[in-house]
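One structure is given here, and the rest of the page talks about it.
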Amino acid sequence: ADDWLHVLSLDLPGFDALPHLVALGAFHVMLYQLQVSSTILAQPLYFICEVVAPKKTLVRELSALNYQENSLLSQKAIDVYLAEITSSDRWQLAKSQTGSFAACKAVLEQQVRWPNDPEDYEGCSDPDALVAELRRVAITRHKQHVASVHRQYGRDVGLVSKRGTNRLRYAPTDSLLKSLMLANVPGRMEYKEFLDRLFRRYGFVFGEREAEQVLPHEDLDKKAFRTNSQRLEQRLSSLGMLRRLSDACAYVQNPLARGQS
């Protein structure tokens with residue numbers, strides 16, 4: 001909502017705001033799914049973003065690995081969620097009762113609304129077999145629908161790409177970068193502050209300071225991420241969204257902000 005409000009506050013002419021609203025809305029749907037999964041798994045969520053380089057870089061490799069790990073989050077979350085049900089006191093009590101199958105079935109019906117039809121389960125009257133079938137059904141349906149959100153929405157909004165390689169990784173397009181700028185920069189913002197804001201709000205990792213907070217020491221190459229950050233700075237400058245006032249002072253600027261220079 002904050003992102004949309006920032007874009008709408010710019011009073012862009014005609015329908016110019018719509019592409020940014022659509023991209024940011026779809027991105028946040030993807031982000032929400034991954035955040036729920038990472039919360040269930042109790043692990044941090046972040047996106048190592050490569051600013052596309054002419055040759056293969058360490059950042060590109062780490063970004064591809066990061067993409068693969070994030071793609072597995074939602075299925076892992078299903079497994080953990082189901083494991084929490086079967087390890088709960090309520091499940092163990094139901095399993096120890098006479099007529100344990102009916103008691104365990106009642107737990108699942110209340111917890112996950114399954115089985116809610118006689119055709120949902122036609123196996124033997126065994127709690128373990130019931131849970132195994134639930135997991136099979138859940139994973140199958142997940143692969144048909146929700147599992148595609150990360151890849152499909154990520155590509156549609158311009159975050160996930162194969163540009164320059166045959167592996168998917170995070171490589172934001174110019175249009176997505178512009179949408180993020182419009183949603184986060186009221187007038188102008190110091191470049192390092194902009195990178196920090198993208199990291200805190202969305203988990204985007206471009207530069208070395210953000211990489212230090214998420215990567216183990218053995219995977220961290222400060223020079224590679226420093227170069228990646230410099231490429232992003234150059235790209236924002238070429239798009240008219242950054243000005244360097246001195247060697248130590250660069251500002252991301254929103255050219256559409258009213259009353260700002």
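Please note that chains go A, B, ... in the order of the structure tokens, that every chain numbers its residues from 1, and that ligands are numbered from 1 in the order shown.
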Self-check item: Residue contacts of Arg90 (chain A) (10 Å, only C-alpha atoms) excluding same-chain residues fewer than 6 positions away, as a ChimeraX atom specification
Solution: /A:103-104,107
Quiz item: What lies within 9 Å of region 140-148 of chain A using only C-alpha atoms, ignoring chain neighbours under 5 positions off, as a PyMOL selection string?
Solution: chain A and resi 33+71-72+74-75+78+135+153
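Nearest to Thr39 (chain A) of all the residues A:Asn116, A:Lys95, A:Leu256, A:Tyr81 is A:Tyr81, counting only C-alpha atoms.
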Quiz item: So which residues of region 151-250 of chain A fall under alpha helix (DSSP H) by DSSP, listed as a ChimeraX atom specification?
Solution: /A:151-157,174-184,191-202,208-211,222-238
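Of all the residues in region 26-260 of chain A, the ones DSSP labels as strand (DSSP E) from the backbone are Phe47, Ile48, Val160, Ser161, Arg169, Tyr170, Arg188, Met189, Glu190, Phe204, Val205, Leu242, Arg243, Arg244, Leu245, Ser246, Cys249, Ala250, Tyr251, Val252 and Gln253 of chain A.
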Next, the residues of the selection above should be written as a PDB file, in the first residue's frame with N, CA and C atoms.
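again36.pdb, written as the output of this step:
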```pdb
ATOM      1  N   PHE A  47      17.240 -11.423  -1.887  1.00  0.00           N
ATOM      2  CA  PHE A  47      17.388 -11.606  -3.328  1.00  0.00           C
ATOM      3  C   PHE A  47      18.720 -10.999  -3.760  1.00  0.00           C
ATOM      4  N   ILE A  48      19.667 -11.843  -4.125  1.00  0.00           N
ATOM      5  CA  ILE A  48      20.946 -11.351  -4.633  1.00  0.00           C
ATOM      6  C   ILE A  48      20.746 -10.930  -6.083  1.00  0.00           C
ATOM      7  N   VAL A 160      13.189 -11.635 -12.328  1.00  0.00           N
ATOM      8  CA  VAL A 160      13.837 -12.902 -12.670  1.00  0.00           C
ATOM      9  C   VAL A 160      14.135 -12.917 -14.169  1.00  0.00           C
ATOM     10  N   SER A 161      15.350 -13.335 -14.526  1.00  0.00           N
ATOM     11  CA  SER A 161      15.765 -13.249 -15.929  1.00  0.00           C
ATOM     12  C   SER A 161      16.780 -14.329 -16.267  1.00  0.00           C
ATOM     13  N   ARG A 169      18.027 -16.184 -12.696  1.00  0.00           N
ATOM     14  CA  ARG A 169      18.560 -15.523 -11.511  1.00  0.00           C
ATOM     15  C   ARG A 169      17.883 -14.163 -11.402  1.00  0.00           C
ATOM     16  N   TYR A 170      18.222 -13.405 -10.369  1.00  0.00           N
ATOM     17  CA  TYR A 170      17.621 -12.096 -10.150  1.00  0.00           C
ATOM     18  C   TYR A 170      18.453 -11.030 -10.866  1.00  0.00           C
ATOM     19  N   ARG A 188      14.935  13.117  -3.569  1.00  0.00           N
ATOM     20  CA  ARG A 188      16.231  12.523  -3.840  1.00  0.00           C
ATOM     21  C   ARG A 188      16.713  11.826  -2.578  1.00  0.00           C
ATOM     22  N   MET A 189      17.612  10.875  -2.765  1.00  0.00           N
ATOM     23  CA  MET A 189      18.073  10.038  -1.656  1.00  0.00           C
ATOM     24  C   MET A 189      19.512   9.627  -1.927  1.00  0.00           C
ATOM     25  N   GLU A 190      20.342   9.682  -0.917  1.00  0.00           N
ATOM     26  CA  GLU A 190      21.730   9.273  -1.074  1.00  0.00           C
ATOM     27  C   GLU A 190      21.787   7.825  -1.554  1.00  0.00           C
ATOM     28  N   PHE A 204      16.480  -6.897  -1.228  1.00  0.00           N
ATOM     29  CA  PHE A 204      17.359  -6.830  -2.391  1.00  0.00           C
ATOM     30  C   PHE A 204      18.808  -6.602  -1.954  1.00  0.00           C
ATOM     31  N   VAL A 205      19.704  -7.393  -2.539  1.00  0.00           N
ATOM     32  CA  VAL A 205      21.132  -7.280  -2.241  1.00  0.00           C
ATOM     33  C   VAL A 205      21.857  -6.901  -3.530  1.00  0.00           C
ATOM     34  N   LEU A 242      19.967   9.180 -11.333  1.00  0.00           N
ATOM     35  CA  LEU A 242      21.056   9.345 -10.369  1.00  0.00           C
ATOM     36  C   LEU A 242      21.985  10.454 -10.823  1.00  0.00           C
ATOM     37  N   ARG A 243      22.436  11.234  -9.848  1.00  0.00           N
ATOM     38  CA  ARG A 243      23.422  12.281 -10.104  1.00  0.00           C
ATOM     39  C   ARG A 243      24.560  12.118  -9.117  1.00  0.00           C
ATOM     40  N   ARG A 244      25.772  12.205  -9.625  1.00  0.00           N
ATOM     41  CA  ARG A 244      26.954  12.177  -8.753  1.00  0.00           C
ATOM     42  C   ARG A 244      27.474  13.603  -8.627  1.00  0.00           C
ATOM     43  N   LEU A 245      27.439  14.099  -7.399  1.00  0.00           N
ATOM     44  CA  LEU A 245      27.860  15.480  -7.148  1.00  0.00           C
ATOM     45  C   LEU A 245      29.344  15.581  -6.869  1.00  0.00           C
ATOM     46  N   SER A 246      29.928  14.494  -6.368  1.00  0.00           N
ATOM     47  CA  SER A 246      31.370  14.455  -6.108  1.00  0.00           C
ATOM     48  C   SER A 246      31.782  13.001  -6.040  1.00  0.00           C
ATOM     49  N   CYS A 249      29.772  11.443  -3.186  1.00  0.00           N
ATOM     50  CA  CYS A 249      28.378  11.821  -2.987  1.00  0.00           C
ATOM     51  C   CYS A 249      27.566  11.594  -4.256  1.00  0.00           C
ATOM     52  N   ALA A 250      26.716  10.555  -4.234  1.00  0.00           N
ATOM     53  CA  ALA A 250      25.821  10.264  -5.350  1.00  0.00           C
ATOM     54  C   ALA A 250      24.394  10.191  -4.825  1.00  0.00           C
ATOM     55  N   TYR A 251      23.459  10.757  -5.583  1.00  0.00           N
ATOM     56  CA  TYR A 251      22.070  10.787  -5.162  1.00  0.00           C
ATOM     57  C   TYR A 251      21.173  10.137  -6.211  1.00  0.00           C
ATOM     58  N   VAL A 252      20.275   9.269  -5.737  1.00  0.00           N
ATOM     59  CA  VAL A 252      19.199   8.784  -6.588  1.00  0.00           C
ATOM     60  C   VAL A 252      18.135   9.867  -6.552  1.00  0.00           C
ATOM     61  N   GLN A 253      17.647  10.269  -7.718  1.00  0.00           N
ATOM     62  CA  GLN A 253      16.684  11.356  -7.757  1.00  0.00           C
ATOM     63  C   GLN A 253      15.431  10.920  -8.520  1.00  0.00           C
TER      64      GLN A 253
END
```
Quiz prompt | Selection near Arg226 (chain A), 6 Å with only C-alpha atoms, sequence-local residues under 3 positions removed, as a VMD selection string | solution = chain A and resid 207 to 208 222 to 223 229
For the residues selected in the previous step, produce a file with all heavy atoms as a tab-separated table (two decimals), in the first residue's frame.
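What landed in again_39.tsv:
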```
chain	number	residue	atom	x	y	z
A	207	GLY	N	24.87	-4.38	-3.19
A	207	GLY	CA	26.22	-3.98	-2.82
A	207	GLY	C	26.82	-4.79	-1.69
A	207	GLY	O	26.18	-5.67	-1.12
A	208	GLU	N	28.06	-4.45	-1.35
A	208	GLU	CA	28.81	-5.22	-0.37
A	208	GLU	C	28.23	-5.11	1.04
A	208	GLU	O	28.25	-6.07	1.81
A	208	GLU	CB	30.27	-4.79	-0.37
A	208	GLU	CG	30.49	-3.32	-0.03
A	208	GLU	CD	31.96	-2.95	-0.04
A	208	GLU	OE1	32.71	-3.51	0.77
A	208	GLU	OE2	32.35	-2.09	-0.87
A	222	LYS	N	33.80	-8.99	-1.45
A	222	LYS	CA	33.42	-7.58	-1.39
A	222	LYS	C	33.66	-6.87	-2.72
A	222	LYS	O	32.85	-6.03	-3.14
A	222	LYS	CB	34.19	-6.88	-0.28
A	222	LYS	CG	33.78	-7.31	1.13
A	222	LYS	CD	34.50	-6.47	2.17
A	222	LYS	CE	34.08	-6.86	3.57
A	222	LYS	NZ	34.72	-6.02	4.62
A	223	LYS	N	34.75	-7.21	-3.38
A	223	LYS	CA	35.07	-6.55	-4.63
A	223	LYS	C	34.00	-6.82	-5.69
A	223	LYS	O	33.60	-5.91	-6.43
A	223	LYS	CB	36.44	-7.02	-5.14
A	223	LYS	CG	36.87	-6.33	-6.43
A	223	LYS	CD	38.25	-6.79	-6.88
A	223	LYS	CE	38.66	-6.11	-8.18
A	223	LYS	NZ	40.00	-6.56	-8.64
A	229	SER	N	27.54	-2.98	-7.48
A	229	SER	CA	26.92	-1.73	-7.05
A	229	SER	C	27.29	-0.58	-7.98
A	229	SER	O	26.46	0.28	-8.30
A	229	SER	CB	27.34	-1.41	-5.61
A	229	SER	OG	26.86	-0.16	-5.20
```
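Neighbouring residues of Asp174 (chain A) at 12 Å or closer, counting only C-alpha atoms and skipping chain neighbours under 2 positions away, are A:His20, A:Val51, A:Val52, A:Val157, A:Gly158, A:Leu159, A:Ala171, A:Pro172, A:Leu176, A:Leu177, A:Lys178, A:Ser179, A:Leu180, A:Met181, A:Leu232, A:Arg235, A:Leu236, A:Ser237, A:Ser238, A:Leu239, A:Gly240, A:Met241.
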Can I get the selected residues back with C-alpha atoms, as an mmCIF file, in the first residue's frame?
```cif
data_model
loop_
_atom_site.group_PDB
_atom_site.id
_atom_site.type_symbol
_atom_site.label_atom_id
_atom_site.label_comp_id
_atom_site.auth_asym_id
_atom_site.auth_seq_id
_atom_site.Cartn_x
_atom_site.Cartn_y
_atom_site.Cartn_z
ATOM 1 C CA HIS A 20 4.181 0.756 -12.044
ATOM 2 C CA VAL A 51 23.288 -5.876 -12.571
ATOM 3 C CA VAL A 52 23.939 -7.652 -15.864
ATOM 4 C CA VAL A 157 7.621 -7.923 -13.216
ATOM 5 C CA GLY A 158 11.220 -7.915 -14.458
ATOM 6 C CA LEU A 159 13.035 -9.376 -11.454
ATOM 7 C CA ALA A 171 18.525 -9.350 -12.643
ATOM 8 C CA PRO A 172 16.107 -6.393 -12.372
ATOM 9 C CA LEU A 176 11.364 -2.480 -12.385
ATOM 10 C CA LEU A 177 14.185 -0.248 -11.156
ATOM 11 C CA LYS A 178 12.139 2.784 -12.149
ATOM 12 C CA SER A 179 9.078 1.459 -10.324
ATOM 13 C CA LEU A 180 11.165 0.874 -7.197
ATOM 14 C CA MET A 181 12.609 4.371 -7.449
ATOM 15 C CA LEU A 232 23.867 -0.252 -10.817
ATOM 16 C CA ARG A 235 22.749 2.225 -14.979
ATOM 17 C CA LEU A 236 20.621 4.518 -12.827
ATOM 18 C CA SER A 237 22.649 7.477 -14.086
ATOM 19 C CA SER A 238 22.038 6.497 -17.724
ATOM 20 C CA LEU A 239 18.294 6.323 -16.953
ATOM 21 C CA GLY A 240 18.338 9.839 -15.508
ATOM 22 C CA MET A 241 17.683 8.604 -11.979
#
```
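Using only C-alpha atoms, the residues found no farther than 10 Å from Asp126 (chain A), other than those of its own chain fewer than 3 positions away, are Lys95, Gly99, Ser100, Phe101, Ala102, Cys104, Lys105, Gly123, Ala129, Leu130 and Val131 of chain A.
Going from CA of Arg197 (chain A) to CA of Ala183 (chain A) covers 11.0 Å.
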Quiz prompt | Top pick for closest residue to Trp91 (chain A), considering A:Gln230, A:Val185, A:Asp128, A:Thr57 and counting only C-alpha atoms | solution = A:Asp128
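Distance-wise, CA of Gly14 (chain A) and CA of Asn254 (chain A) end up 18.6 Å apart.
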